[in-house]
$ cat data.cif   # mmCIF, C-alpha atoms and all ligand atoms
data_coords
#
loop_
_atom_site.label_atom_id
_atom_site.label_comp_id
_atom_site.auth_asym_id
_atom_site.auth_seq_id
_atom_site.Cartn_x
_atom_site.Cartn_y
_atom_site.Cartn_z
CA MET A 161 29.12 -42.60 -32.81
CA ASN A 162 30.86 -39.29 -32.81
CA PRO A 163 34.63 -39.61 -32.15
CA ILE A 164 34.49 -37.01 -29.38
CA ALA A 165 32.00 -39.13 -27.53
CA SER A 166 33.73 -42.45 -28.00
CA ALA A 167 37.12 -41.06 -26.97
CA VAL A 168 36.14 -41.12 -23.31
CA ALA A 169 35.37 -44.40 -21.60
CA PRO A 170 32.50 -44.11 -19.10
CA ALA A 171 34.53 -45.78 -16.33
CA ALA A 172 37.32 -43.23 -16.65
CA THR A 173 34.88 -40.36 -16.41
CA HIS A 174 33.20 -41.83 -13.38
CA ALA A 175 36.51 -42.31 -11.63
CA ARG A 176 37.59 -38.76 -12.42
CA HIS A 177 34.37 -37.22 -11.17
CA ALA A 178 33.73 -39.56 -8.24
CA SER A 179 34.85 -37.04 -5.66
CA LEU A 180 32.63 -34.39 -7.24
CA SER A 181 29.48 -36.44 -7.12
CA ALA A 182 29.95 -37.75 -3.57
CA PRO A 183 27.84 -37.57 -1.54
CA LEU A 184 25.12 -38.16 -4.11
CA VAL A 185 22.66 -36.15 -2.12
CA PRO A 186 23.14 -32.37 -2.31
CA THR A 187 22.83 -30.57 0.99
CA LYS A 188 22.39 -26.99 -0.16
CA THR A 189 20.30 -25.24 -2.80
CA VAL A 190 22.49 -23.51 -5.38
CA LEU A 191 21.63 -19.83 -5.14
CA LEU A 192 21.82 -17.47 -8.10
CA THR A 193 23.54 -14.90 -5.90
CA ALA A 194 27.13 -14.63 -4.67
CA ASP A 195 28.09 -16.14 -1.34
CA PRO A 196 29.29 -13.07 0.60
CA THR A 197 31.51 -15.23 2.80
CA ALA A 198 33.46 -16.71 -0.14
CA ALA A 199 36.94 -15.32 -0.82
CA ASP A 200 36.32 -15.70 -4.56
CA PRO A 201 32.51 -15.82 -5.05
CA VAL A 202 32.72 -16.64 -8.76
CA ALA A 203 35.08 -19.57 -8.23
CA ALA A 204 32.92 -20.75 -5.33
CA LYS A 205 29.79 -20.61 -7.50
CA ARG A 206 31.49 -22.59 -10.27
CA ALA A 207 32.47 -25.25 -7.74
CA GLU A 208 28.95 -25.37 -6.35
CA ILE A 209 27.30 -25.74 -9.78
CA ARG A 210 29.90 -28.28 -10.82
CA ARG A 211 29.20 -30.46 -7.81
CA TYR A 212 25.43 -30.21 -8.22
CA TYR A 213 25.74 -31.13 -11.90
CA HIS A 214 27.83 -34.24 -11.21
CA GLN A 215 25.67 -35.31 -8.29
CA THR A 216 22.56 -35.10 -10.45
CA SER A 217 24.03 -36.89 -13.45
CA GLU A 218 25.53 -39.61 -11.28
CA LEU A 219 22.25 -40.16 -9.43
CA TYR A 220 20.41 -40.45 -12.74
CA GLU A 221 22.90 -43.06 -13.94
CA ARG A 222 22.55 -44.95 -10.65
CA LEU A 223 18.81 -45.18 -11.25
CA PHE A 224 19.37 -46.73 -14.67
CA ALA A 225 22.04 -49.04 -13.21
CA LEU A 226 19.15 -50.83 -11.48
CA ILE A 227 18.14 -52.26 -14.87
CA ARG A 228 19.41 -55.81 -15.02
CA ASP A 229 19.43 -56.42 -18.75
CA ASP A 230 20.00 -53.97 -21.62
CA ALA A 231 17.02 -55.46 -23.48
CA SER A 232 14.71 -53.83 -20.91
CA TYR A 233 15.77 -50.40 -22.18
CA TYR A 234 13.89 -51.03 -25.42
CA GLU A 235 10.57 -52.29 -24.07
CA ARG A 236 7.67 -49.88 -24.02
CA HIS A 237 6.60 -50.29 -20.42
CA GLU A 238 4.33 -47.28 -20.58
CA PRO A 239 2.56 -47.32 -23.96
CA LEU A 240 2.33 -43.55 -24.15
CA ARG A 241 5.98 -42.91 -23.44
CA HIS A 242 9.17 -43.77 -25.27
CA PRO A 243 11.18 -46.76 -24.04
CA LEU A 244 13.75 -46.09 -21.32
CA ILE A 245 16.66 -45.83 -23.76
CA PHE A 246 15.20 -42.49 -24.81
CA TYR A 247 15.00 -41.25 -21.21
CA PHE A 248 18.54 -42.44 -20.48
CA ALA A 249 19.87 -40.13 -23.19
CA HIS A 250 17.29 -37.35 -23.18
CA PRO A 251 18.44 -35.27 -20.16
CA ALA A 252 22.01 -35.44 -21.51
CA VAL A 253 21.26 -34.18 -25.02
CA PHE A 254 19.13 -31.44 -23.46
CA TYR A 255 22.26 -29.67 -22.18
CA VAL A 256 23.86 -29.64 -25.62
CA ASN A 257 20.70 -28.61 -27.46
CA LYS A 258 20.08 -25.69 -25.12
CA LEU A 259 23.73 -24.58 -25.04
CA ILE A 260 23.84 -24.69 -28.85
CA ALA A 261 20.57 -22.73 -29.09
CA GLY A 262 22.08 -20.05 -26.82
CA ARG A 263 25.36 -20.11 -28.82
CA PHE A 264 27.30 -20.94 -25.68
CA ILE A 265 29.20 -23.86 -27.22
CA PRO A 266 30.69 -24.02 -30.74
CA ARG A 267 29.78 -27.56 -31.75
CA ARG A 268 27.65 -30.54 -30.97
CA LEU A 269 28.88 -33.80 -29.46
CA ASP A 270 26.75 -36.11 -31.61
CA PRO A 271 24.19 -34.44 -33.91
CA GLN A 272 22.31 -37.67 -34.56
CA MET A 273 21.88 -38.51 -30.88
CA GLU A 274 21.00 -34.91 -30.07
CA ALA A 275 18.24 -34.85 -32.70
CA MET A 276 16.77 -38.26 -31.94
CA MET A 277 16.71 -37.95 -28.16
CA ALA A 278 15.42 -34.38 -27.98
CA VAL A 279 11.67 -34.73 -28.29
CA GLY A 280 9.47 -36.81 -26.05
CA VAL A 281 5.95 -37.95 -26.75
CA ASP A 282 4.15 -35.52 -24.48
CA GLU A 283 1.81 -34.40 -27.21
CA MET A 284 0.17 -37.83 -27.41
CA SER A 285 -3.24 -38.30 -25.89
CA TRP A 286 -4.22 -41.42 -23.99
CA ASP A 287 -5.93 -43.14 -26.89
CA ASP A 288 -3.12 -42.61 -29.37
CA LEU A 289 -0.92 -45.53 -30.21
CA ASN A 290 2.58 -44.55 -31.09
CA THR A 291 3.56 -46.91 -33.86
CA ALA A 292 6.47 -44.86 -35.20
CA HIS A 293 9.63 -46.88 -35.63
CA TYR A 294 12.82 -45.60 -34.08
CA GLU A 295 16.37 -46.78 -34.66
CA TRP A 296 17.43 -46.44 -31.07
CA PRO A 297 21.16 -46.43 -30.26
CA GLY A 298 22.76 -49.16 -28.13
CA VAL A 299 22.92 -48.74 -24.36
CA ALA A 300 26.73 -48.67 -24.49
CA ALA A 301 26.61 -45.83 -27.02
CA VAL A 302 24.40 -43.78 -24.70
CA ARG A 303 26.69 -44.52 -21.75
CA GLU A 304 29.61 -43.26 -23.82
CA TYR A 305 27.66 -40.21 -24.83
CA ARG A 306 26.80 -39.43 -21.23
CA ALA A 307 30.44 -39.86 -20.21
CA ALA A 308 31.63 -37.52 -22.96
CA LEU A 309 28.98 -35.02 -21.97
CA ARG A 310 30.18 -35.11 -18.36
CA GLU A 311 33.61 -34.03 -19.60
CA MET A 312 32.18 -31.33 -21.81
CA ILE A 313 29.80 -29.81 -19.26
CA ASP A 314 32.54 -29.92 -16.65
CA ASP A 315 34.68 -27.80 -19.00
CA VAL A 316 31.81 -25.42 -19.74
CA ILE A 317 31.15 -24.85 -16.04
CA GLN A 318 34.80 -24.11 -15.38
CA SER A 319 35.34 -21.80 -18.35
CA MET A 320 31.98 -20.05 -18.97
CA PRO A 321 31.69 -16.32 -18.35
CA LEU A 322 30.02 -15.99 -14.97
CA ASP A 323 28.54 -12.84 -13.47
CA LEU A 324 26.64 -12.97 -10.21
CA PRO A 325 23.78 -13.06 -9.64
CA ILE A 326 23.13 -15.55 -12.42
CA ARG A 327 20.55 -14.23 -14.88
CA GLN A 328 18.44 -15.93 -17.47
CA ASP A 329 20.75 -15.00 -20.34
CA SER A 330 23.76 -16.59 -18.66
CA PRO A 331 25.17 -19.99 -19.69
CA ALA A 332 25.02 -20.85 -15.98
CA TRP A 333 21.22 -20.53 -16.17
CA ILE A 334 21.23 -23.13 -18.97
CA ILE A 335 23.35 -25.46 -16.85
CA LEU A 336 21.02 -25.06 -13.85
CA MET A 337 18.03 -25.62 -16.13
CA GLY A 338 19.63 -28.81 -17.48
CA ILE A 339 20.20 -30.04 -13.93
CA GLU A 340 16.60 -29.38 -12.87
CA HIS A 341 15.39 -30.99 -16.10
CA GLU A 342 17.41 -34.13 -15.30
CA ARG A 343 15.87 -34.17 -11.81
CA ILE A 344 12.38 -34.04 -13.32
CA HIS A 345 13.26 -37.06 -15.44
CA LEU A 346 14.72 -38.83 -12.41
CA GLU A 347 11.15 -38.87 -11.11
CA THR A 348 9.35 -39.75 -14.33
CA SER A 349 11.90 -42.41 -15.38
CA SER A 350 11.68 -44.08 -11.98
CA VAL A 351 7.90 -44.24 -12.32
CA ILE A 352 8.24 -45.89 -15.74
CA MET A 353 10.57 -48.41 -14.05
CA ARG A 354 7.74 -49.24 -11.63
CA LEU A 355 5.90 -50.59 -14.66
CA MET A 356 8.68 -53.11 -15.37
CA PRO A 357 8.50 -56.59 -13.87
CA VAL A 358 10.41 -56.50 -10.55
CA ALA A 359 12.58 -59.34 -11.87
CA GLU A 360 14.03 -57.01 -14.53
CA LEU A 361 15.51 -54.78 -11.83
CA ARG A 362 18.36 -55.42 -9.44
CA CYS A 363 17.09 -55.48 -5.88
CA GLY A 364 17.56 -56.92 -2.40
CA ASP A 365 20.99 -58.46 -1.79
CA GLU A 366 22.21 -57.45 -5.23
CA LEU A 367 22.31 -53.82 -4.18
CA THR A 368 25.27 -52.15 -2.55
CA PRO A 369 24.60 -50.54 0.85
CA GLU A 370 24.69 -47.15 -0.86
CA GLU A 371 22.10 -48.23 -3.43
CA ARG A 372 19.94 -49.67 -0.68
CA SER A 373 19.89 -46.35 1.12
CA LEU A 374 19.24 -44.46 -2.14
CA TRP A 375 16.27 -46.53 -3.31
CA SER A 376 14.90 -47.94 -0.08
CA THR A 377 11.17 -48.14 0.54
CA CYS A 378 9.66 -45.98 3.27
CA GLU A 379 9.22 -48.15 6.35
CA SER A 380 6.46 -46.20 8.03
CA VAL A 381 3.52 -48.48 7.33
CA GLY A 382 0.34 -48.73 9.37
CA PRO A 383 -3.31 -47.84 9.56
CA ALA A 384 -4.23 -44.52 7.96
CA PRO A 385 -4.42 -41.63 10.43
CA ALA A 386 -7.75 -39.82 10.46
CA ASN A 387 -7.89 -36.93 8.05
CA GLU A 388 -9.36 -33.60 9.11
CA TRP A 389 -10.45 -30.28 7.64
CA LEU A 390 -8.27 -27.28 8.29
CA PRO A 391 -10.25 -24.05 7.97
CA VAL A 392 -8.71 -21.14 6.05
CA ALA A 393 -10.09 -17.60 6.37
CA ALA A 394 -11.12 -15.56 3.33
CA GLN A 395 -8.16 -13.62 1.98
CA THR A 396 -6.41 -12.29 -1.10
CA VAL A 397 -3.41 -14.35 -2.16
CA ARG A 398 -0.61 -13.42 -4.46
CA LEU A 399 0.86 -16.21 -6.55
CA GLY A 400 4.11 -16.01 -8.49
CA LYS A 401 7.80 -15.95 -7.82
CA PRO A 402 9.51 -12.54 -7.74
CA ASP A 403 11.99 -11.89 -10.56
CA ASP A 404 14.78 -11.33 -8.06
CA ASP A 405 14.23 -14.58 -6.18
CA GLN A 406 17.55 -16.17 -5.29
CA THR A 407 16.79 -19.62 -6.67
CA PHE A 408 16.37 -20.98 -10.19
CA GLY A 409 12.77 -21.20 -11.36
CA TRP A 410 10.91 -22.40 -14.43
CA ASP A 411 9.36 -19.61 -16.49
CA ASN A 412 5.76 -20.44 -15.52
CA GLU A 413 6.51 -19.74 -11.84
CA TYR A 414 7.24 -16.04 -12.42
CA GLY A 415 4.75 -13.22 -12.85
CA VAL A 416 1.98 -12.20 -10.49
CA GLU A 417 -1.51 -13.50 -9.96
CA GLU A 418 -3.78 -12.04 -7.33
CA VAL A 419 -6.72 -14.16 -6.32
CA ARG A 420 -9.51 -13.30 -3.89
CA LEU A 421 -10.33 -16.49 -1.97
CA PRO A 422 -13.51 -17.00 0.01
CA ALA A 423 -13.13 -19.00 3.23
CA PHE A 424 -12.51 -22.71 2.58
CA ALA A 425 -11.41 -25.88 4.34
CA ALA A 426 -8.54 -28.04 3.08
CA ALA A 427 -7.72 -31.56 4.21
CA ARG A 428 -4.70 -31.79 6.46
CA ARG A 429 -3.36 -34.86 4.65
CA LEU A 430 -3.43 -36.30 1.17
CA VAL A 431 -6.07 -38.93 0.45
CA SER A 432 -4.65 -42.22 1.71
CA ASN A 433 -4.74 -45.66 0.15
CA ALA A 434 -7.23 -46.60 2.89
CA GLU A 435 -9.59 -43.75 1.98
CA PHE A 436 -9.34 -44.54 -1.71
CA LEU A 437 -9.86 -48.26 -1.08
CA ALA A 438 -13.34 -47.45 0.24
CA PHE A 439 -14.13 -45.81 -3.12
CA VAL A 440 -12.78 -48.80 -5.06
CA GLU A 441 -14.74 -51.25 -2.89
CA ASP A 442 -17.90 -49.23 -3.38
CA GLY A 443 -17.67 -49.89 -7.13
CA GLY A 444 -15.81 -46.68 -7.88
CA TYR A 445 -14.34 -47.99 -11.13
CA ALA A 446 -17.40 -50.03 -12.09
CA ARG A 447 -19.95 -47.24 -12.15
CA ASP A 448 -19.87 -44.23 -14.49
CA GLU A 449 -21.82 -41.85 -12.29
CA TRP A 450 -18.86 -40.36 -10.46
CA TRP A 451 -16.65 -39.86 -13.50
CA THR A 452 -16.43 -36.81 -15.72
CA GLU A 453 -17.01 -37.29 -19.43
CA GLU A 454 -13.25 -37.37 -20.01
CA GLY A 455 -12.88 -39.72 -17.05
CA ARG A 456 -15.45 -42.12 -18.50
CA GLY A 457 -13.61 -42.14 -21.83
CA TRP A 458 -10.37 -43.01 -20.06
CA LEU A 459 -12.04 -45.59 -17.82
CA HIS A 460 -13.68 -47.42 -20.73
CA TYR A 461 -10.56 -47.30 -22.85
CA THR A 462 -8.15 -48.53 -20.17
CA ARG A 463 -10.64 -50.75 -18.31
CA ALA A 464 -8.90 -49.72 -15.11
CA GLU A 465 -10.30 -51.29 -11.95
CA HIS A 466 -8.01 -49.66 -9.41
CA PRO A 467 -5.01 -47.31 -9.25
CA LYS A 468 -2.18 -48.22 -11.59
CA PHE A 469 0.35 -49.18 -8.93
CA TRP A 470 -2.04 -51.39 -6.98
CA VAL A 471 -1.55 -55.01 -7.93
CA ARG A 472 -3.71 -58.09 -7.41
CA ARG A 473 -2.04 -61.50 -7.51
CA SER A 474 -4.12 -64.59 -8.05
CA GLY A 475 -4.65 -66.38 -4.74
CA GLY A 476 -3.76 -63.21 -2.83
CA SER A 477 -6.26 -61.79 -0.40
CA GLY A 478 -5.87 -58.09 -1.08
CA TYR A 479 -4.07 -55.44 -3.04
CA LEU A 480 -0.33 -55.05 -3.16
CA GLN A 481 1.44 -51.82 -3.93
CA ARG A 482 4.20 -51.79 -6.53
CA ASN A 483 7.13 -49.61 -5.52
CA LEU A 484 10.32 -49.08 -7.51
CA LEU A 485 11.96 -52.36 -6.47
CA ASN A 486 9.32 -54.37 -4.63
CA GLU A 487 5.68 -55.19 -4.06
CA MET A 488 4.21 -54.96 -0.58
CA PRO A 489 0.78 -55.29 1.03
CA LEU A 490 -1.07 -52.06 0.30
CA PRO A 491 0.31 -49.50 2.79
CA LEU A 492 -2.95 -48.00 4.01
CA ASN A 493 -1.42 -44.87 5.50
CA TRP A 494 0.48 -43.87 2.34
CA PRO A 495 -1.07 -41.37 -0.05
CA VAL A 496 -2.86 -43.02 -2.94
CA GLU A 497 -1.21 -42.43 -6.33
CA VAL A 498 -3.72 -41.69 -9.06
CA ASN A 499 -4.26 -39.52 -12.09
CA CYS A 500 -6.48 -36.43 -12.10
CA LEU A 501 -9.49 -38.26 -13.57
CA GLU A 502 -9.42 -40.79 -10.72
CA ALA A 503 -9.01 -37.98 -8.18
CA GLN A 504 -12.04 -36.17 -9.64
CA ALA A 505 -14.15 -39.36 -9.51
CA TYR A 506 -13.19 -39.93 -5.87
CA CYS A 507 -14.20 -36.35 -5.03
CA ALA A 508 -17.60 -36.80 -6.69
CA TRP A 509 -18.11 -40.01 -4.70
CA ALA A 510 -16.89 -38.54 -1.39
CA LYS A 511 -18.80 -35.27 -1.91
CA CYS A 512 -15.78 -33.01 -1.76
CA ARG A 513 -13.58 -31.34 -4.37
CA LEU A 514 -10.00 -30.75 -5.45
CA PRO A 515 -8.38 -27.50 -4.28
CA THR A 516 -7.74 -24.71 -6.74
CA GLU A 517 -4.08 -23.83 -7.23
CA ALA A 518 -4.56 -20.61 -5.24
CA GLU A 519 -6.17 -22.52 -2.37
CA TRP A 520 -3.34 -25.03 -2.33
CA ASP A 521 -0.76 -22.23 -2.38
CA CYS A 522 -2.51 -20.36 0.41
CA ALA A 523 -3.05 -23.43 2.61
CA ALA A 524 0.54 -24.62 2.16
CA LYS A 525 1.99 -21.22 3.01
CA THR A 526 -0.26 -20.38 5.96
CA LEU A 527 -1.26 -23.62 7.72
CA GLN A 528 1.22 -25.17 10.09
CA ASP A 529 -0.40 -28.61 10.04
CA PHE A 530 -0.62 -28.83 6.24
CA GLU A 531 1.31 -32.01 5.34
CA TRP A 532 2.78 -32.13 1.85
CA GLY A 533 5.74 -33.52 -0.07
CA ASP A 534 5.08 -37.26 -0.48
CA VAL A 535 3.50 -37.07 -3.94
CA TRP A 536 2.57 -34.23 -6.30
CA GLU A 537 -0.97 -33.03 -5.75
CA TRP A 538 -3.52 -32.53 -8.51
CA THR A 539 -5.42 -29.25 -8.36
CA GLN A 540 -8.62 -28.48 -10.25
CA ASP A 541 -6.95 -25.69 -12.24
CA THR A 542 -5.94 -25.83 -15.86
CA PHE A 543 -2.34 -24.76 -16.38
CA ALA A 544 -2.16 -21.07 -17.34
CA PRO A 545 0.48 -18.34 -17.24
CA PHE A 546 0.60 -15.80 -14.42
CA GLU A 547 0.31 -12.17 -15.48
CA GLY A 548 3.60 -10.94 -16.92
CA PHE A 549 4.67 -14.40 -18.11
CA VAL A 550 7.77 -14.42 -20.32
CA SER A 551 9.21 -17.59 -21.88
CA HIS A 552 12.68 -18.55 -20.68
CA PRO A 553 15.35 -19.96 -23.02
CA TYR A 554 13.57 -23.34 -22.91
CA VAL A 555 10.55 -21.93 -24.77
CA GLU A 556 8.78 -25.24 -25.21
CA TYR A 557 8.81 -26.03 -21.49
CA SER A 558 5.58 -24.24 -20.50
CA ALA A 559 3.99 -22.14 -23.23
CA PRO A 560 2.77 -24.98 -25.52
CA TRP A 561 0.94 -26.60 -22.60
CA PHE A 562 -1.09 -23.70 -21.26
CA GLY A 563 -4.78 -24.55 -21.47
CA SER A 564 -4.37 -28.31 -21.86
CA ARG A 565 -2.91 -29.59 -18.61
CA LYS A 566 -3.75 -29.61 -14.95
CA VAL A 567 -1.54 -27.96 -12.36
CA LEU A 568 0.03 -30.08 -9.65
CA ARG A 569 1.66 -28.53 -6.63
CA GLY A 570 3.90 -29.81 -3.86
CA ALA A 571 6.64 -32.38 -4.41
CA ALA A 572 7.24 -36.13 -4.37
CA GLN A 573 9.50 -38.15 -2.10
CA LEU A 574 12.04 -38.37 -4.89
CA THR A 575 11.98 -34.58 -5.33
CA HIS A 576 15.10 -33.77 -3.41
CA PRO A 577 14.70 -31.23 -0.59
CA VAL A 578 17.00 -28.77 -2.31
CA VAL A 579 14.71 -28.72 -5.34
CA ARG A 580 11.31 -28.76 -3.64
CA HIS A 581 9.84 -25.39 -2.93
CA LEU A 582 6.36 -24.00 -2.52
CA ASN A 583 6.33 -22.07 -5.80
CA TYR A 584 6.98 -25.08 -8.02
CA ARG A 585 4.17 -25.61 -10.53
CA ASN A 586 4.06 -29.04 -12.07
CA PHE A 587 1.67 -29.75 -14.92
CA PHE A 588 0.54 -32.88 -16.70
CA THR A 589 -2.44 -34.04 -18.73
CA PRO A 590 -5.15 -35.43 -16.43
CA GLU A 591 -4.79 -39.06 -17.48
CA ARG A 592 -1.04 -39.34 -16.78
CA CYS A 593 -0.18 -42.26 -14.52
CA ASP A 594 3.59 -42.13 -14.84
CA ILE A 595 4.21 -39.49 -12.22
CA TYR A 596 4.16 -39.62 -8.46
CA SER A 597 0.78 -37.96 -8.08
CA GLY A 598 -2.03 -38.00 -5.57
CA PHE A 599 -4.41 -35.41 -4.21
CA ARG A 600 -5.98 -33.81 -1.20
CA THR A 601 -9.54 -32.63 -0.95
CA CYS A 602 -11.34 -29.46 0.03
CA ALA A 603 -14.77 -29.32 1.63
CA LEU A 604 -17.63 -28.51 -0.74
FE FE A 701 12.41 -33.56 -20.94
#
$ encode --input "data.cif" --output "structure tokens"
Amino acid sequence: MNPIASAVAPAATHARHASLSAPLVPTKTVLLTADPTAADPVAAKRAEIRRYYHQTSELYERLFALIRDDASYYERHEPLRHPLIFYFAHPAVFYVNKLIAGRFIPRRLDPQMEAMMAVGVDEMSWDDLNTAHYEWPGVAAVREYRAALREMIDDVIQSMPLDLPIRQDSPAWIILMGIEHERIHLETSSVIMRLMPVAELRCGDELTPEERSLWSTCESVGPAPANEWLPVAAQTVRLGKPDDDQTFGWDNEYGVEEVRLPAFAAARRLVSNAEFLAFVEDGGYARDEWWTEEGRGWLHYTRAEHPKFWVRRSGGSGYLQRNLLNEMPLPLNWPVEVNCLEAQAYCAWAKCRLPTEAEWDCAAKTLQDFEWGDVWEWTQDTFAPFEGFVSHPYVEYSAPWFGSRKVLRGAAQLTHPVVRHLNYRNFFTPERCDIYSGFRTCAL
């Protein structure tokens, strides 16, 4: 362990930054522009970024604090992803790696940690088996690293040159990018934790009231409301975030794409567990006819019989749904969570289709009754750059994945309101099950 990292005990750091990370839930989006009402806009912006950084890091650590036993960090709960120890460290080393690449800091905290925890396993396809052996660090070492990083980033935020508005070549952009990156992993790590046995996580009475409110399960459970088609008139839509937008964006969101859309009808709501259950009960996973060729390959390889987070217990009468910290009778009104291959098979069975990205964008921005935000929504489009695309400092974020992934739009429940916005383009390979993802349909 690097001496810089081990010099700071995690508890001391937490105590020092407690006031900065409370409340854990940010209430305001950090804008790139100056607050005209602030007496000292630069100092105010530093304070705002500093608070958002600590809130995000603290929340991420609170998620991992749900893990009862350190041994669980090293199990491969999702065979295509690294064990959780990697994801505990990965968002932290990201800050250092990107600040070093931009020459904004003079030295690394822990070169070994920063090399080992930098690269995920996103390039793997669903039938790969990752048998590489890793010498993962101990959980305590990662906690120490994260604590040391909190000190370092806190210093960077308070001392970095800062001109407003923040531009992509500013160290503040790197900090904001690191924060948004950690929020992405808050979602994906929590989904991996849904693959752990519930008994390996702290839950129920073991949680503090604050933890209970942070990780509580939605209580709105009941029969699925009827879905309906919302008609959208033919129109030309313009996708892409303007360069002078006031909020941080990932590089793939910028540029311009004009699309001429014929009239179409989009479902008001996402496909519910109840709707998807009808597909499952009609032999949806037992018959090949509704699956694409890629879908059949996945289906035969995984032998899936139902969505990944549906559970059947012997002696039980129906499906349960696995949430982060509990199992419950399948909530019929909640959106079903599936990968893109399952969504495509459902559409073939139900004689409808997935929306294109442009249709989703148009419907979300023009229809008042369009309900979104519970889970990310698969579209039928393959991830591609908008015209005028330019890589941001995190060059490997988007560009390597154009042409191989499917676009998802919307947000998930864990996507905090200050981060969710209608321009966000998420993208994953179609077989991924470790994200909060569902879908809505369009009429054929
Ligand atoms: Fe990452």
$ residues_around --input "data.cif" --residues "Gln272 of chain A" --least-positions-apart "5" --cutoff "12 Å" --atoms "only C-alpha atoms" --output "short mmCIF file (atom, residue, chain, number, x, y, z; two decimals) with C-alpha atoms, keeping the file's coordinate frame"
data_model
loop_
_atom_site.label_atom_id
_atom_site.label_comp_id
_atom_site.auth_asym_id
_atom_site.auth_seq_id
_atom_site.Cartn_x
_atom_site.Cartn_y
_atom_site.Cartn_z
CA MET A 161 29.12 -42.60 -32.81
CA ASN A 162 30.86 -39.29 -32.81
CA ALA A 249 19.87 -40.13 -23.19
CA VAL A 253 21.26 -34.18 -25.02
CA ASN A 257 20.70 -28.61 -27.46
CA MET A 277 16.71 -37.95 -28.16
CA ALA A 278 15.42 -34.38 -27.98
CA GLU A 295 16.37 -46.78 -34.66
CA TRP A 296 17.43 -46.44 -31.07
CA PRO A 297 21.16 -46.43 -30.26
CA ALA A 301 26.61 -45.83 -27.02
CA VAL A 302 24.40 -43.78 -24.70
CA TYR A 305 27.66 -40.21 -24.83
#
$ residues_around --input "data.cif" --residues "Leu399 of chain A" --least-positions-apart "6" --cutoff "12 Å" --atoms "all atoms listed in the file" --output "VMD selection string"
chain A and resid 412 to 420 517 to 522 525 545 to 548 582 to 585
$ atom_distance --input "data.cif" --atom1 "atom CA of His552 of chain A" --atom2 "atom CA of Glu208 of chain A"
22.7 Å
$ residues_around --input "data.cif" --residues "Ser564 of chain A" --least-positions-apart "5" --cutoff "7 Å" --atoms "only C-alpha atoms" --output "mmCIF file with C-alpha atoms, in the coordinates of the input"
data_model
loop_
_atom_site.group_PDB
_atom_site.id
_atom_site.type_symbol
_atom_site.label_atom_id
_atom_site.label_comp_id
_atom_site.auth_asym_id
_atom_site.auth_seq_id
_atom_site.Cartn_x
_atom_site.Cartn_y
_atom_site.Cartn_z
ATOM 1 C CA THR A 542 -5.940 -25.830 -15.860
ATOM 2 C CA PHE A 543 -2.340 -24.760 -16.380
ATOM 3 C CA THR A 589 -2.440 -34.040 -18.730
#
$ residues_near_ligand --input "data.cif" --ligand "ligand FE 701 (chain A)" --cutoff "12 Å" --atoms "all atoms listed in the file" --output "PyMOL selection string"
chain A and resi 241-242+246-255+257-258+277-282+337-349+554+556-558
$ atom_distance --input "data.cif" --atom1 "atom CA of Ala434 of chain A" --atom2 "atom CA of Pro391 of chain A"
23.3 Å
$ closest_residue --input "data.cif" --among "A:Glu591, A:Ala571, A:Ala559, A:Val431" --to "Thr462 of chain A" --atoms "all atoms listed in the file"
A:Glu591
$ closest_residue --input "data.cif" --among "A:Val397, A:Val496, A:Ala386, A:Ala425" --to "Val440 of chain A" --atoms "only C-alpha atoms"
A:Val496
$ closest_residue --input "data.cif" --among "A:Phe562, A:Glu235, A:Arg222, A:Ser551" --to "Asp329 of chain A" --atoms "only C-alpha atoms"
A:Ser551
$ closest_residue --input "data.cif" --among "A:Ala300, A:Val381, A:Met320, A:Val185" --to "Arg211 of chain A" --atoms "all atoms listed in the file"
A:Val185
$ closest_residue --input "data.cif" --among "A:His576, A:Arg228, A:Arg600, A:Arg428" --to "Thr216 of chain A" --atoms "all atoms listed in the file"
A:His576
$ closest_residue --input "data.cif" --among "A:Ala261, A:Ile352, A:Met273, A:Ile317" --to "Phe224 of chain A" --atoms "all atoms listed in the file"
A:Ile352
$ atom_distance --input "data.cif" --atom1 "atom CA of Ala182 of chain A" --atom2 "atom CA of Ser376 of chain A"
18.5 Å
$ residues_around --input "data.cif" --residues "Tyr479 of chain A" --least-positions-apart "3" --cutoff "10 Å" --atoms "all atoms listed in the file" --output "list of chain:residue names"
A:Leu437, A:His466, A:Phe469, A:Trp470, A:Val471, A:Arg472, A:Arg473, A:Gly476, A:Arg482, A:Glu487, A:Met488, A:Pro489, A:Leu490, A:Pro491
$ residues_near_point --input "data.cif" --point "(24.2, -37.5, -5.1)" --cutoff "8 Å" --atoms "only C-alpha atoms" --output "NGL selection string"
:A and (181-186 or 214-216 or 218-219)
$ decode --input "data.cif" --residues "segment 250-254 of chain A" --atoms "N, CA and C atoms" --output "short mmCIF file (atom, residue, chain, number, x, y, z; two decimals), in the first residue's frame"
data_model
loop_
_atom_site.label_atom_id
_atom_site.label_comp_id
_atom_site.auth_asym_id
_atom_site.auth_seq_id
_atom_site.Cartn_x
_atom_site.Cartn_y
_atom_site.Cartn_z
N HIS A 250 -12.88 0.82 -8.34
CA HIS A 250 -12.82 1.34 -9.71
C HIS A 250 -13.22 2.82 -9.86
N PRO A 251 -14.36 3.27 -9.29
CA PRO A 251 -14.70 4.69 -9.48
C PRO A 251 -13.69 5.61 -8.81
N ALA A 252 -12.99 5.11 -7.78
CA ALA A 252 -12.00 5.94 -7.09
C ALA A 252 -10.75 6.12 -7.95
N VAL A 253 -10.23 5.01 -8.48
CA VAL A 253 -9.00 5.13 -9.28
C VAL A 253 -9.26 5.91 -10.57
N PHE A 254 -10.51 5.92 -11.00
CA PHE A 254 -10.87 6.65 -12.22
C PHE A 254 -10.46 8.13 -12.10
#
